[in-house]
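Asks: Provided below: model.cif, containing mmCIF, C-alpha atoms.
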data_final
loop_
_atom_site.label_atom_id
_atom_site.label_comp_id
_atom_site.auth_asym_id
_atom_site.auth_seq_id
_atom_site.Cartn_x
_atom_site.Cartn_y
_atom_site.Cartn_z
CA MET A 1 21.40 -48.84 60.20
CA THR A 2 21.03 -52.57 60.43
CA VAL A 3 23.95 -54.37 62.09
CA THR A 4 25.23 -57.24 59.91
CA LEU A 5 28.46 -57.97 61.85
CA HIS A 6 29.20 -61.70 61.96
CA CYS A 7 28.47 -63.23 65.38
CA LEU A 8 28.33 -66.44 67.39
CA ALA A 9 25.35 -66.55 69.74
CA ASP A 10 24.29 -69.11 72.31
CA VAL A 11 20.69 -68.95 73.52
CA CYS A 12 18.90 -70.62 76.42
CA LEU A 13 15.15 -69.95 76.19
CA ILE A 14 12.85 -70.45 79.19
CA PRO A 15 9.04 -70.46 79.02
CA ILE A 16 7.40 -69.00 82.15
CA GLY A 17 4.02 -69.91 83.61
CA THR A 18 3.57 -73.16 81.69
CA ALA A 19 2.18 -75.27 84.57
CA HIS A 20 4.61 -78.10 83.81
CA SER A 21 8.30 -78.31 84.68
CA SER A 22 9.38 -79.84 81.37
CA VAL A 23 10.62 -77.45 78.70
CA SER A 24 11.35 -80.11 76.06
CA ASN A 25 8.24 -79.33 73.98
CA GLU A 26 9.34 -75.71 73.66
CA VAL A 27 12.98 -76.66 72.97
CA THR A 28 11.77 -79.08 70.28
CA LEU A 29 9.78 -76.35 68.54
CA ILE A 30 12.64 -73.83 68.54
CA THR A 31 15.14 -76.48 67.45
CA GLN A 32 12.89 -77.36 64.52
CA LEU A 33 12.72 -73.64 63.64
CA ALA A 34 16.52 -73.30 63.99
CA ARG A 35 17.18 -76.26 61.70
CA LYS A 36 14.78 -74.94 59.06
CA SER A 37 16.63 -71.60 58.99
CA HIS A 38 19.60 -71.09 56.66
CA LEU A 39 21.84 -70.25 59.62
CA HIS A 40 24.25 -72.80 61.11
CA THR A 41 22.93 -73.95 64.50
CA VAL A 42 24.05 -76.54 67.09
CA LEU A 43 21.89 -77.88 69.95
CA HIS A 44 23.66 -78.70 73.23
CA SER A 45 22.33 -79.50 76.69
CA ALA A 46 22.44 -75.89 77.95
CA GLY A 47 21.28 -74.05 74.85
CA THR A 48 21.50 -73.60 71.08
CA THR A 49 24.49 -72.04 69.33
CA ILE A 50 23.74 -69.94 66.22
CA GLU A 51 26.20 -68.44 63.78
CA GLY A 52 25.63 -65.71 61.20
CA PRO A 53 25.06 -61.99 60.65
CA TRP A 54 23.98 -60.14 63.82
CA ASN A 55 20.58 -59.05 62.49
CA GLU A 56 19.68 -62.53 61.19
CA VAL A 57 20.80 -64.31 64.36
CA CYS A 58 18.84 -61.90 66.59
CA ASN A 59 15.81 -62.15 64.31
CA LEU A 60 15.87 -65.96 64.49
CA ILE A 61 15.90 -65.80 68.30
CA GLY A 62 12.99 -63.34 68.12
CA GLU A 63 11.12 -65.78 65.87
CA MET A 64 11.69 -68.46 68.52
CA HIS A 65 9.93 -66.18 71.05
CA GLU A 66 7.09 -65.52 68.58
CA LEU A 67 6.66 -69.24 67.92
CA ILE A 68 6.52 -70.15 71.62
CA HIS A 69 4.05 -67.30 72.30
CA ALA A 70 1.94 -68.61 69.38
CA ASN A 71 1.91 -71.97 71.21
CA GLY A 72 0.24 -70.37 74.21
CA VAL A 73 3.14 -69.38 76.46
CA VAL A 74 2.54 -65.80 77.64
CA ARG A 75 6.00 -65.06 79.03
CA ILE A 76 9.47 -66.08 77.88
CA GLN A 77 12.95 -65.25 79.16
CA SER A 78 16.11 -65.98 77.19
CA ASP A 79 19.75 -65.78 78.14
CA ILE A 80 21.97 -65.00 75.15
CA ARG A 81 25.77 -65.08 75.07
CA ILE A 82 26.85 -63.30 71.90
CA GLY A 83 30.36 -62.70 70.63
CA THR A 84 31.84 -60.74 67.73
CA ARG A 85 35.45 -60.42 66.57
CA THR A 86 37.07 -58.48 63.78
CA ASP A 87 40.44 -60.25 63.73
CA LYS A 88 39.37 -63.60 62.32
CA SER A 89 36.40 -65.86 61.71
CA GLN A 90 35.96 -69.02 63.74
CA LEU A 91 33.41 -71.81 63.65
CA PRO A 92 31.95 -73.17 66.93
CA GLN A 93 33.74 -76.50 66.42
CA ASP A 94 37.09 -74.69 65.78
CA LYS A 95 36.97 -73.29 69.32
CA ILE A 96 36.62 -76.79 70.78
CA ASN A 97 39.30 -78.27 68.51
CA ILE A 98 41.90 -75.65 69.54
CA VAL A 99 41.30 -76.37 73.24
CA GLU A 100 41.43 -80.16 72.75
CA LYS A 101 44.72 -79.78 70.83
CA LYS A 102 46.23 -77.60 73.57
CA LEU A 103 45.10 -80.11 76.20
CA LYS A 104 46.95 -82.86 74.31
CA ASP A 105 50.07 -80.66 74.08
CA LEU A 106 49.95 -80.10 77.85
CA GLU A 107 49.89 -83.84 78.45
CA LYS A 108 53.06 -84.44 76.40
CA MET B 1 10.01 -61.26 58.71
CA THR B 2 11.40 -58.76 61.16
CA VAL B 3 10.45 -59.41 64.80
CA THR B 4 8.97 -56.31 66.41
CA LEU B 5 7.67 -57.95 69.61
CA HIS B 6 8.09 -55.66 72.65
CA CYS B 7 10.94 -56.76 74.93
CA LEU B 8 12.97 -55.90 78.00
CA ALA B 9 16.66 -56.67 77.55
CA ASP B 10 19.57 -56.39 79.95
CA VAL B 11 23.05 -56.41 78.43
CA CYS B 12 26.49 -56.80 79.97
CA LEU B 13 29.19 -56.15 77.33
CA ILE B 14 32.79 -57.27 77.85
CA PRO B 15 35.73 -56.17 75.68
CA ILE B 16 38.37 -58.91 75.27
CA GLY B 17 42.10 -58.44 74.73
CA THR B 18 42.24 -54.80 75.78
CA ALA B 19 45.48 -54.89 77.82
CA HIS B 20 43.82 -53.10 80.73
CA SER B 21 41.44 -54.51 83.32
CA SER B 22 39.16 -51.47 83.39
CA VAL B 23 36.07 -51.58 81.17
CA SER B 24 34.72 -48.15 82.13
CA ASN B 25 35.84 -46.47 78.87
CA GLU B 26 33.87 -49.00 76.87
CA VAL B 27 30.84 -48.80 79.19
CA THR B 28 30.94 -45.00 78.90
CA LEU B 29 30.85 -45.17 75.10
CA ILE B 30 27.96 -47.62 74.95
CA THR B 31 26.04 -45.70 77.62
CA GLN B 32 26.42 -42.53 75.57
CA LEU B 33 25.14 -44.44 72.52
CA ALA B 34 22.23 -45.87 74.54
CA ARG B 35 21.19 -42.44 75.83
CA LYS B 36 21.31 -40.94 72.33
CA SER B 37 18.94 -43.64 71.06
CA HIS B 38 15.18 -43.15 71.23
CA LEU B 39 14.82 -46.33 73.32
CA HIS B 40 14.37 -46.22 77.09
CA THR B 41 17.58 -47.40 78.79
CA VAL B 42 18.78 -47.68 82.41
CA LEU B 43 22.40 -48.16 83.50
CA HIS B 44 23.03 -50.30 86.60
CA SER B 45 26.19 -51.79 88.06
CA ALA B 46 25.87 -55.14 86.27
CA GLY B 47 24.61 -53.99 82.87
CA THR B 48 22.25 -51.77 80.89
CA THR B 49 18.50 -52.40 80.64
CA ILE B 50 16.87 -51.52 77.30
CA GLU B 51 13.16 -51.51 76.46
CA GLY B 52 11.52 -51.49 73.06
CA PRO B 53 10.70 -53.50 69.92
CA TRP B 54 12.84 -56.68 69.57
CA ASN B 55 14.56 -55.63 66.33
CA GLU B 56 15.42 -52.12 67.58
CA VAL B 57 16.74 -53.36 70.94
CA CYS B 58 18.92 -56.04 69.27
CA ASN B 59 20.13 -53.54 66.69
CA LEU B 60 21.14 -51.06 69.42
CA ILE B 61 23.18 -53.78 71.14
CA GLY B 62 24.77 -54.60 67.76
CA GLU B 63 25.64 -50.91 67.33
CA MET B 64 27.33 -51.05 70.75
CA HIS B 65 29.54 -53.88 69.43
CA GLU B 66 30.28 -51.92 66.22
CA LEU B 67 31.19 -48.81 68.23
CA ILE B 68 33.58 -50.69 70.53
CA HIS B 69 35.17 -52.47 67.56
CA ALA B 70 35.59 -49.04 65.89
CA ASN B 71 37.47 -47.99 69.04
CA GLY B 72 40.05 -50.70 68.46
CA VAL B 73 38.72 -53.66 70.46
CA VAL B 74 38.94 -56.76 68.25
CA ARG B 75 36.78 -59.10 70.31
CA ILE B 76 33.64 -58.52 72.38
CA GLN B 77 31.37 -60.84 74.33
CA SER B 78 27.96 -59.80 75.64
CA ASP B 79 25.54 -61.50 77.95
CA ILE B 80 21.93 -60.56 77.22
CA ARG B 81 18.88 -61.42 79.33
CA ILE B 82 15.83 -60.74 77.20
CA GLY B 83 12.19 -61.18 78.11
CA THR B 84 8.92 -60.93 76.21
CA ARG B 85 5.34 -61.27 77.40
CA THR B 86 2.03 -61.10 75.63
CA ASP B 87 -0.24 -60.72 78.68
CA LYS B 88 0.69 -57.18 79.72
CA SER B 89 3.28 -54.46 79.34
CA GLN B 90 5.55 -53.57 82.21
CA LEU B 91 8.25 -50.95 82.68
CA PRO B 92 11.54 -51.91 84.37
CA GLN B 93 10.69 -49.74 87.40
CA ASP B 94 7.23 -51.38 87.68
CA LYS B 95 8.91 -54.72 88.37
CA ILE B 96 10.89 -53.25 91.26
CA ASN B 97 7.88 -51.37 92.66
CA ILE B 98 5.73 -54.51 92.81
CA VAL B 99 8.41 -56.40 94.74
CA GLU B 100 9.01 -53.52 97.16
CA LYS B 101 5.24 -53.30 97.79
CA LYS B 102 4.99 -57.05 98.44
CA LEU B 103 7.97 -56.84 100.81
CA LYS B 104 6.17 -54.14 102.80
CA ASP B 105 3.00 -56.27 102.89
CA LEU B 106 5.04 -59.21 104.24
CA GLU B 107 6.38 -57.06 107.05
CA LYS B 108 2.90 -56.06 108.23
CA MET C 1 24.12 -73.98 105.97
CA THR C 2 25.88 -75.26 102.90
CA VAL C 3 23.62 -75.85 99.90
CA THR C 4 24.09 -79.35 98.45
CA LEU C 5 21.09 -79.37 96.09
CA HIS C 6 21.88 -81.19 92.83
CA CYS C 7 22.37 -78.80 89.91
CA LEU C 8 23.31 -78.51 86.26
CA ALA C 9 25.48 -75.47 85.56
CA ASP C 10 26.87 -74.08 82.33
CA VAL C 11 29.73 -71.60 82.62
CA CYS C 12 31.34 -69.26 80.09
CA LEU C 13 34.45 -67.66 81.60
CA ILE C 14 36.03 -64.55 80.09
CA PRO C 15 39.48 -63.18 81.02
CA ILE C 16 39.64 -59.36 80.88
CA GLY C 17 42.69 -57.22 80.09
CA THR C 18 44.81 -60.02 78.62
CA ALA C 19 46.24 -58.04 75.65
CA HIS C 20 45.34 -60.84 73.24
CA SER C 21 41.97 -61.67 71.77
CA SER C 22 42.35 -65.45 72.09
CA VAL C 23 40.90 -67.08 75.19
CA SER C 24 41.89 -70.67 74.29
CA ASN C 25 44.82 -70.78 76.76
CA GLU C 26 42.47 -69.91 79.59
CA VAL C 27 39.77 -72.33 78.39
CA THR C 28 42.42 -75.07 78.14
CA LEU C 29 43.49 -74.51 81.76
CA ILE C 30 39.95 -74.55 83.16
CA THR C 31 39.02 -77.57 81.03
CA GLN C 32 42.02 -79.43 82.43
CA LEU C 33 40.89 -78.47 85.94
CA ALA C 34 37.31 -79.54 85.18
CA ARG C 35 38.40 -82.95 83.88
CA LYS C 36 40.60 -83.55 86.93
CA SER C 37 37.65 -82.91 89.24
CA HIS C 38 35.33 -85.75 90.25
CA LEU C 39 32.33 -83.87 88.82
CA HIS C 40 30.86 -84.73 85.42
CA THR C 41 31.73 -81.95 82.92
CA VAL C 42 31.18 -81.42 79.18
CA LEU C 43 33.00 -78.83 77.03
CA HIS C 44 31.01 -77.21 74.20
CA SER C 45 31.75 -74.22 72.00
CA ALA C 46 29.94 -71.70 74.19
CA GLY C 47 30.94 -72.96 77.63
CA THR C 48 31.39 -75.89 79.99
CA THR C 49 28.52 -77.84 81.52
CA ILE C 50 29.05 -79.14 85.08
CA GLU C 51 26.80 -81.46 87.06
CA GLY C 52 26.79 -82.13 90.79
CA PRO C 53 25.96 -80.75 94.26
CA TRP C 54 25.48 -76.95 94.27
CA ASN C 55 28.40 -76.22 96.63
CA GLU C 56 30.85 -78.41 94.72
CA VAL C 57 29.86 -77.06 91.32
CA CYS C 58 30.14 -73.43 92.49
CA ASN C 59 33.44 -74.18 94.20
CA LEU C 60 34.86 -75.71 91.01
CA ILE C 61 33.91 -72.57 89.07
CA GLY C 62 35.58 -70.50 91.81
CA GLU C 63 38.70 -72.63 91.47
CA MET C 64 38.66 -71.86 87.74
CA HIS C 65 38.77 -68.14 88.61
CA GLU C 66 41.59 -68.72 91.11
CA LEU C 67 43.59 -70.70 88.54
CA ILE C 68 43.24 -68.04 85.84
CA HIS C 69 44.16 -65.28 88.34
CA ALA C 70 47.21 -67.38 89.33
CA ASN C 71 48.16 -67.34 85.64
CA GLY C 72 48.35 -63.55 85.67
CA VAL C 73 44.86 -62.45 84.61
CA VAL C 74 43.71 -59.71 87.00
CA ARG C 75 40.04 -59.63 86.07
CA ILE C 76 37.60 -62.37 85.09
CA GLN C 77 33.90 -62.36 84.29
CA SER C 78 31.80 -65.53 84.05
CA ASP C 79 28.28 -66.12 82.88
CA ILE C 80 26.65 -69.07 84.64
CA ARG C 81 23.33 -70.68 83.78
CA ILE C 82 22.37 -72.91 86.69
CA GLY C 83 19.29 -75.07 87.08
CA THR C 84 17.84 -77.16 89.90
CA ARG C 85 14.78 -79.38 89.97
CA THR C 86 13.19 -81.45 92.70
CA ASP C 87 10.90 -83.60 90.53
CA LYS C 88 13.51 -85.76 88.81
CA SER C 89 17.18 -86.05 87.97
CA GLN C 90 18.37 -85.60 84.42
CA LEU C 91 21.77 -85.86 82.77
CA PRO C 92 22.85 -83.21 80.23
CA GLN C 93 22.68 -85.78 77.40
CA ASP C 94 19.15 -86.82 78.48
CA LYS C 95 17.90 -83.31 77.71
CA ILE C 96 19.26 -83.50 74.16
CA ASN C 97 17.97 -87.04 73.59
CA ILE C 98 14.40 -86.11 74.55
CA VAL C 99 14.38 -83.19 72.13
CA GLU C 100 15.88 -85.27 69.29
CA LYS C 101 13.23 -87.95 69.91
CA LYS C 102 10.41 -85.38 69.86
CA LEU C 103 11.81 -83.90 66.64
CA LYS C 104 11.70 -87.34 65.01
CA ASP C 105 8.10 -87.83 66.22
CA LEU C 106 7.13 -84.48 64.67
CA GLU C 107 8.55 -85.56 61.32
CA LYS C 108 6.42 -88.71 61.21
CA MET D 1 39.52 -76.04 99.26
CA THR D 2 36.74 -73.52 99.64
CA VAL D 3 37.02 -70.48 97.37
CA THR D 4 36.74 -67.24 99.33
CA LEU D 5 37.83 -64.84 96.56
CA HIS D 6 35.89 -61.57 96.68
CA CYS D 7 33.28 -61.33 93.92
CA LEU D 8 30.43 -59.27 92.49
CA ALA D 9 27.55 -61.43 91.29
CA ASP D 10 24.32 -60.52 89.55
CA VAL D 11 21.56 -63.14 89.59
CA CYS D 12 18.30 -63.42 87.66
CA LEU D 13 16.24 -66.34 89.01
CA ILE D 14 13.36 -67.84 87.02
CA PRO D 15 10.78 -70.30 88.43
CA ILE D 16 9.61 -72.86 85.84
CA GLY D 17 6.22 -74.55 85.67
CA THR D 18 4.43 -72.18 88.03
CA ALA D 19 1.12 -71.87 86.11
CA HIS D 20 1.24 -68.07 86.36
CA SER D 21 3.34 -65.64 84.35
CA SER D 22 4.16 -63.35 87.28
CA VAL D 23 7.44 -64.00 89.09
CA SER D 24 7.07 -61.21 91.65
CA ASN D 25 6.12 -63.53 94.52
CA GLU D 26 9.34 -65.47 94.00
CA VAL D 27 11.44 -62.32 93.58
CA THR D 28 9.90 -60.95 96.79
CA LEU D 29 10.90 -64.07 98.74
CA ILE D 30 14.49 -64.09 97.48
CA THR D 31 14.83 -60.34 98.01
CA GLN D 32 13.70 -60.79 101.60
CA LEU D 33 16.28 -63.56 102.01
CA ALA D 34 18.98 -61.40 100.41
CA ARG D 35 18.26 -58.46 102.71
CA LYS D 36 18.34 -60.69 105.79
CA SER D 37 21.81 -61.95 104.82
CA HIS D 38 24.93 -60.12 105.98
CA LEU D 39 26.05 -59.65 102.36
CA HIS D 40 25.55 -56.37 100.51
CA THR D 41 22.78 -56.78 97.91
CA VAL D 42 21.02 -54.45 95.45
CA LEU D 43 17.73 -55.21 93.65
CA HIS D 44 17.35 -53.87 90.10
CA SER D 45 14.76 -54.59 87.41
CA ALA D 46 16.78 -57.36 85.73
CA GLY D 47 18.22 -59.10 88.79
CA THR D 48 19.88 -58.83 92.18
CA THR D 49 23.52 -57.81 92.65
CA ILE D 50 25.38 -59.48 95.53
CA GLU D 51 28.86 -58.68 96.83
CA GLY D 52 31.09 -60.78 99.07
CA PRO D 53 33.31 -63.87 99.31
CA TRP D 54 32.72 -66.37 96.45
CA ASN D 55 31.52 -69.23 98.68
CA GLU D 56 29.09 -67.05 100.65
CA VAL D 57 27.65 -65.38 97.53
CA CYS D 58 27.14 -68.75 95.77
CA ASN D 59 25.65 -70.24 98.92
CA LEU D 60 23.16 -67.37 99.23
CA ILE D 61 22.04 -67.95 95.63
CA GLY D 62 21.70 -71.67 96.44
CA GLU D 63 19.57 -70.78 99.46
CA MET D 64 17.35 -68.75 97.12
CA HIS D 65 16.80 -71.91 95.06
CA GLU D 66 16.09 -73.95 98.21
CA LEU D 67 13.59 -71.34 99.44
CA ILE D 68 11.70 -71.23 96.13
CA HIS D 69 11.64 -75.06 95.94
CA ALA D 70 10.29 -75.07 99.53
CA ASN D 71 7.50 -72.82 98.26
CA GLY D 72 6.40 -75.48 95.79
CA VAL D 73 8.30 -74.62 92.62
CA VAL D 74 9.83 -77.85 91.25
CA ARG D 75 12.22 -76.32 88.73
CA ILE D 76 14.32 -73.15 88.79
CA GLN D 77 16.82 -71.67 86.35
CA SER D 78 19.16 -68.81 87.26
CA ASP D 79 21.47 -66.70 85.16
CA ILE D 80 24.47 -65.46 87.13
CA ARG D 81 27.06 -62.93 85.98
CA ILE D 82 29.98 -63.14 88.36
CA GLY D 83 33.19 -61.15 88.32
CA THR D 84 36.43 -61.28 90.30
CA ARG D 85 39.48 -59.05 90.17
CA THR D 86 42.77 -59.08 92.01
CA ASP D 87 43.94 -55.55 91.17
CA LYS D 88 41.49 -53.55 93.26
CA SER D 89 38.18 -53.71 95.08
CA GLN D 90 35.17 -51.90 93.73
CA LEU D 91 31.63 -51.45 95.00
CA PRO D 92 28.68 -51.79 92.58
CA GLN D 93 27.90 -48.07 92.89
CA ASP D 94 31.58 -47.18 92.17
CA LYS D 95 31.26 -48.74 88.72
CA ILE D 96 28.26 -46.54 87.91
CA ASN D 97 29.88 -43.39 89.34
CA ILE D 98 33.02 -43.79 87.19
CA VAL D 99 30.94 -44.11 84.02
CA GLU D 100 28.72 -41.14 84.90
CA LYS D 101 31.85 -39.03 85.58
CA LYS D 102 33.40 -40.04 82.24
CA LEU D 103 30.13 -39.21 80.47
CA LYS D 104 30.22 -35.71 81.97
CA ASP D 105 33.86 -35.31 80.90
CA LEU D 106 32.92 -36.30 77.33
CA GLU D 107 30.22 -33.62 77.26
CA LYS D 108 32.66 -30.84 78.19
#
Would you mind giving the structure from this file in structure tokens?
Replies:
Amino acid sequence: MTVTLHCLADVCLIPIGTAHSSVSNEVTLITQLARKSHLHTVLHSAGTTIEGPWNEVCNLIGEMHELIHANGVVRIQSDIRIGTRTDKSQLPQDKINIVEKKLKDLEK
Amino acid sequence: MTVTLHCLADVCLIPIGTAHSSVSNEVTLITQLARKSHLHTVLHSAGTTIEGPWNEVCNLIGEMHELIHANGVVRIQSDIRIGTRTDKSQLPQDKINIVEKKLKDLEK
Amino acid sequence: MTVTLHCLADVCLIPIGTAHSSVSNEVTLITQLARKSHLHTVLHSAGTTIEGPWNEVCNLIGEMHELIHANGVVRIQSDIRIGTRTDKSQLPQDKINIVEKKLKDLEK
Amino acid sequence: MTVTLHCLADVCLIPIGTAHSSVSNEVTLITQLARKSHLHTVLHSAGTTIEGPWNEVCNLIGEMHELIHANGVVRIQSDIRIGTRTDKSQLPQDKINIVEKKLKDLEK
């Protein structure tokens, strides 16, 4: 049965065998795809964070691979960090805010 | 549309907040799940390698999360390395065999 | 010989066996350590990006492990994405800016 | 101060911009380097597992990057899973053996 558990994923996609060391064309294409999707996504310097149901998040990352293959890249490797929790829901920015607040409390 | 691209994934699943430093109970449960699936899987010391269509591989990893949550773990983080290629198909063991052969050739 | 190659690393550290599902105390401690170091670091929701010579970056991540162990956590697992390039130097924010610029060009 | 904490690392190194989709030449070179080192290393289909003091393990991975750059690859990205624990020492094969034993116990 399809897994629809809520998750936070962070993906770093790497095209292989592209003959040029820049990956910004590929990151641009997958960022455009991410922003067109209905899922909440955030681009940072080491990857893209995606939030939503497990099956939809994984499918979006799969569509990123399909899109880059369609642009002529024959091999792609992604690193995905993916977390699920059943005790509460948390937005990506919440995680940063909690840490920044605790850092301020430490400085008092 | 569902992504069915063939992929090789390697997953390292970590239960969080379990009160004990051992993760072997959780790895045992997900290994049992992996071996019951129809996908080809290999356990190694740093993770589990899974081969098959993108959607089925991602769904199996999602089922691992569901199973561990059902066993009382409220938070789980996985690291997934996932690769796709359109130029040829390759089994996990093929990749090792090629390297071992090239190492022997270097020694000649 | 010690490797001093310039690198960009992104680390996601996970304490194991802590009896609570929150990791914000641990992330607060390592973020404080990161900001006290002379290396350039950026906190995001899925990890911390660190820039500098290979040996210093890896040592800082090792010090994060030591600090969390010193706070009573007996087991820690980190996922590190680390990149090096010899053709040019690039700041984390540069990578984002290039992609955002290319996205704007696509929309024209 | 240099971190010498014992660790188990698992590294997957990816050359970028190589003009060919195969990475076996690069994996062969780093495997040869790993086997020449005094650290215990194991090659599997999704990476190389390395065991030893934190600074030596990280330095060996840095030497892998240096070696691949010296072979003409201008950009390299690695994914490293690295774990430390202060409660006991464990070999890579130990982790597999425990899980296989628990699987047999479950089947009884």
Asks: Between CA of Thr84 in chain C and CA of His6 in chain C, what is the distance, to one decimal in Å?
Replies: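 Separation of CA of Thr84 in chain C and CA of His6 in chain C: 6.4 Å.
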Asks: Residues of chain C within 9 Å of chain B, counting only C-alpha atoms, what are they? List them as a list in words.
Replies: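 Here is what falls inside 9 Å: Ile14, Pro15, Ile16, Gly17, Thr18, Ala19, His20, Ser21, Ser22, Val23, Val73, Val74, Arg75, Ile76, Gln77 and Asp79 of chain C.
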Asks: What is the distance, in Å and to one decimal place, between CA of Ile82 in chain C and CA of Cys58 in chain D?
Replies: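 Separation of CA of Ile82 in chain C and CA of Cys58 in chain D: 11.1 Å.
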Asks: What does the PyMOL selection byres ((chain D and resi 106) around 12) select in this file, as a PyMOL selection string?
Replies: (chain B and resi 25+28-29+31-32) or (chain D and resi 99-105+107-108)
Asks: Give me a file of those residues, with C-alpha atoms, as a PDB file, keeping the file's coordinate frame.
Replies:
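Result file follows (part.pdb):
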ATOM      1  CA  ASN B  25      35.840 -46.470  78.870  1.00  0.00           C
ATOM      2  CA  THR B  28      30.940 -45.000  78.900  1.00  0.00           C
ATOM      3  CA  LEU B  29      30.850 -45.170  75.100  1.00  0.00           C
ATOM      4  CA  THR B  31      26.040 -45.700  77.620  1.00  0.00           C
ATOM      5  CA  GLN B  32      26.420 -42.530  75.570  1.00  0.00           C
TER       6      GLN B  32
ATOM      7  CA  VAL D  99      30.940 -44.110  84.020  1.00  0.00           C
ATOM      8  CA  GLU D 100      28.720 -41.140  84.900  1.00  0.00           C
ATOM      9  CA  LYS D 101      31.850 -39.030  85.580  1.00  0.00           C
ATOM     10  CA  LYS D 102      33.400 -40.040  82.240  1.00  0.00           C
ATOM     11  CA  LEU D 103      30.130 -39.210  80.470  1.00  0.00           C
ATOM     12  CA  LYS D 104      30.220 -35.710  81.970  1.00  0.00           C
ATOM     13  CA  ASP D 105      33.860 -35.310  80.900  1.00  0.00           C
ATOM     14  CA  GLU D 107      30.220 -33.620  77.260  1.00  0.00           C
ATOM     15  CA  LYS D 108      32.660 -30.840  78.190  1.00  0.00           C
TER      16      LYS D 108
END
Asks: Might you pull out every residue within 7 Å of Thr48 in chain D, with all atoms listed in the file counted and same-chain residues fewer than 6 positions away left off, and present them as a list in words?
Replies: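 These residues fall inside the cut-off: Asp10, Val11, Cys12, Thr41 and Val42 of chain D.
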Asks: Using Å and a single decimal, report how far CA of Leu13 in chain C sits from CA of Gly52 in chain D.
Replies: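 Spanning CA of Gly52 in chain D to CA of Leu13 in chain C is a straight-line distance of 19.1 Å.
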Asks: Show which residues sit within 7 Å of Pro53 in chain B, as a list in words. Count all atoms listed in the file, and ignore same-chain residues fewer than 6 positions away.
Replies: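 So, after excluding close chain neighbours, the residues are Thr4, Leu5, His6 and Cys7 of chain B.
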Asks: For Leu60 in chain D, which of D:Ala46, D:Leu91, D:Ile98, D:Leu33 is the closest residue, counting only C-alpha atoms?
Replies: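 Of D:Ala46, D:Leu91, D:Ile98, D:Leu33, the one nearest Leu60 in chain D is D:Leu33, counting only C-alpha atoms.
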Asks: Taking only C-alpha atoms into account, name the residue in A:Val27, A:Ile96, A:Ala9, A:Met1 that is nearest to Glu56 in chain B.
Replies: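 Checking each of A:Val27, A:Ile96, A:Ala9, A:Met1 against Glu56 in chain B, counting only C-alpha atoms, the winner is A:Met1.
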Asks: So that each row is one residue of range 38-95 of chain A with an atom at most 12 Å from range 92-95 of chain C, can you give its shortest atom pair and the distance in Å to one decimal, using all atoms listed in the file, rows by chain and rising number, as CSV?
Replies:
residue,atom,partner,partner_atom,distance
A:Leu43,CA,C:Lys95,CA,10.3
A:His44,CA,C:Gln93,CA,8.3
A:Ser45,CA,C:Pro92,CA,5.2
A:Ala46,CA,C:Pro92,CA,7.7
A:Gly47,CA,C:Lys95,CA,10.3
Asks: Write the residues of the selection above to a file with C-alpha atoms, as an mmCIF file, in the coordinates of the input.
Replies:
data_model
loop_
_atom_site.group_PDB
_atom_site.id
_atom_site.type_symbol
_atom_site.label_atom_id
_atom_site.label_comp_id
_atom_site.auth_asym_id
_atom_site.auth_seq_id
_atom_site.Cartn_x
_atom_site.Cartn_y
_atom_site.Cartn_z
ATOM 1 C CA LEU A 43 21.890 -77.880 69.950
ATOM 2 C CA HIS A 44 23.660 -78.700 73.230
ATOM 3 C CA SER A 45 22.330 -79.500 76.690
ATOM 4 C CA ALA A 46 22.440 -75.890 77.950
ATOM 5 C CA GLY A 47 21.280 -74.050 74.850
#
Asks: Is it possible to get the axis-aligned box enclosing range 51-62 of chain C (all listed atoms, 4 Å extra per side) as JSON, with centre and edge lengths in Å rounded to one decimal?
Replies:
{"center_x": 30.5, "center_y": -76.3, "center_z": 91.8, "size_x": 18.1, "size_y": 19.6, "size_z": 17.6}
Asks: Considering only C-alpha atoms, can you say which of B:Thr2, B:Ile30, B:Arg81, B:His69 comes closest to Asn55 in chain A?
Replies: B:Thr2
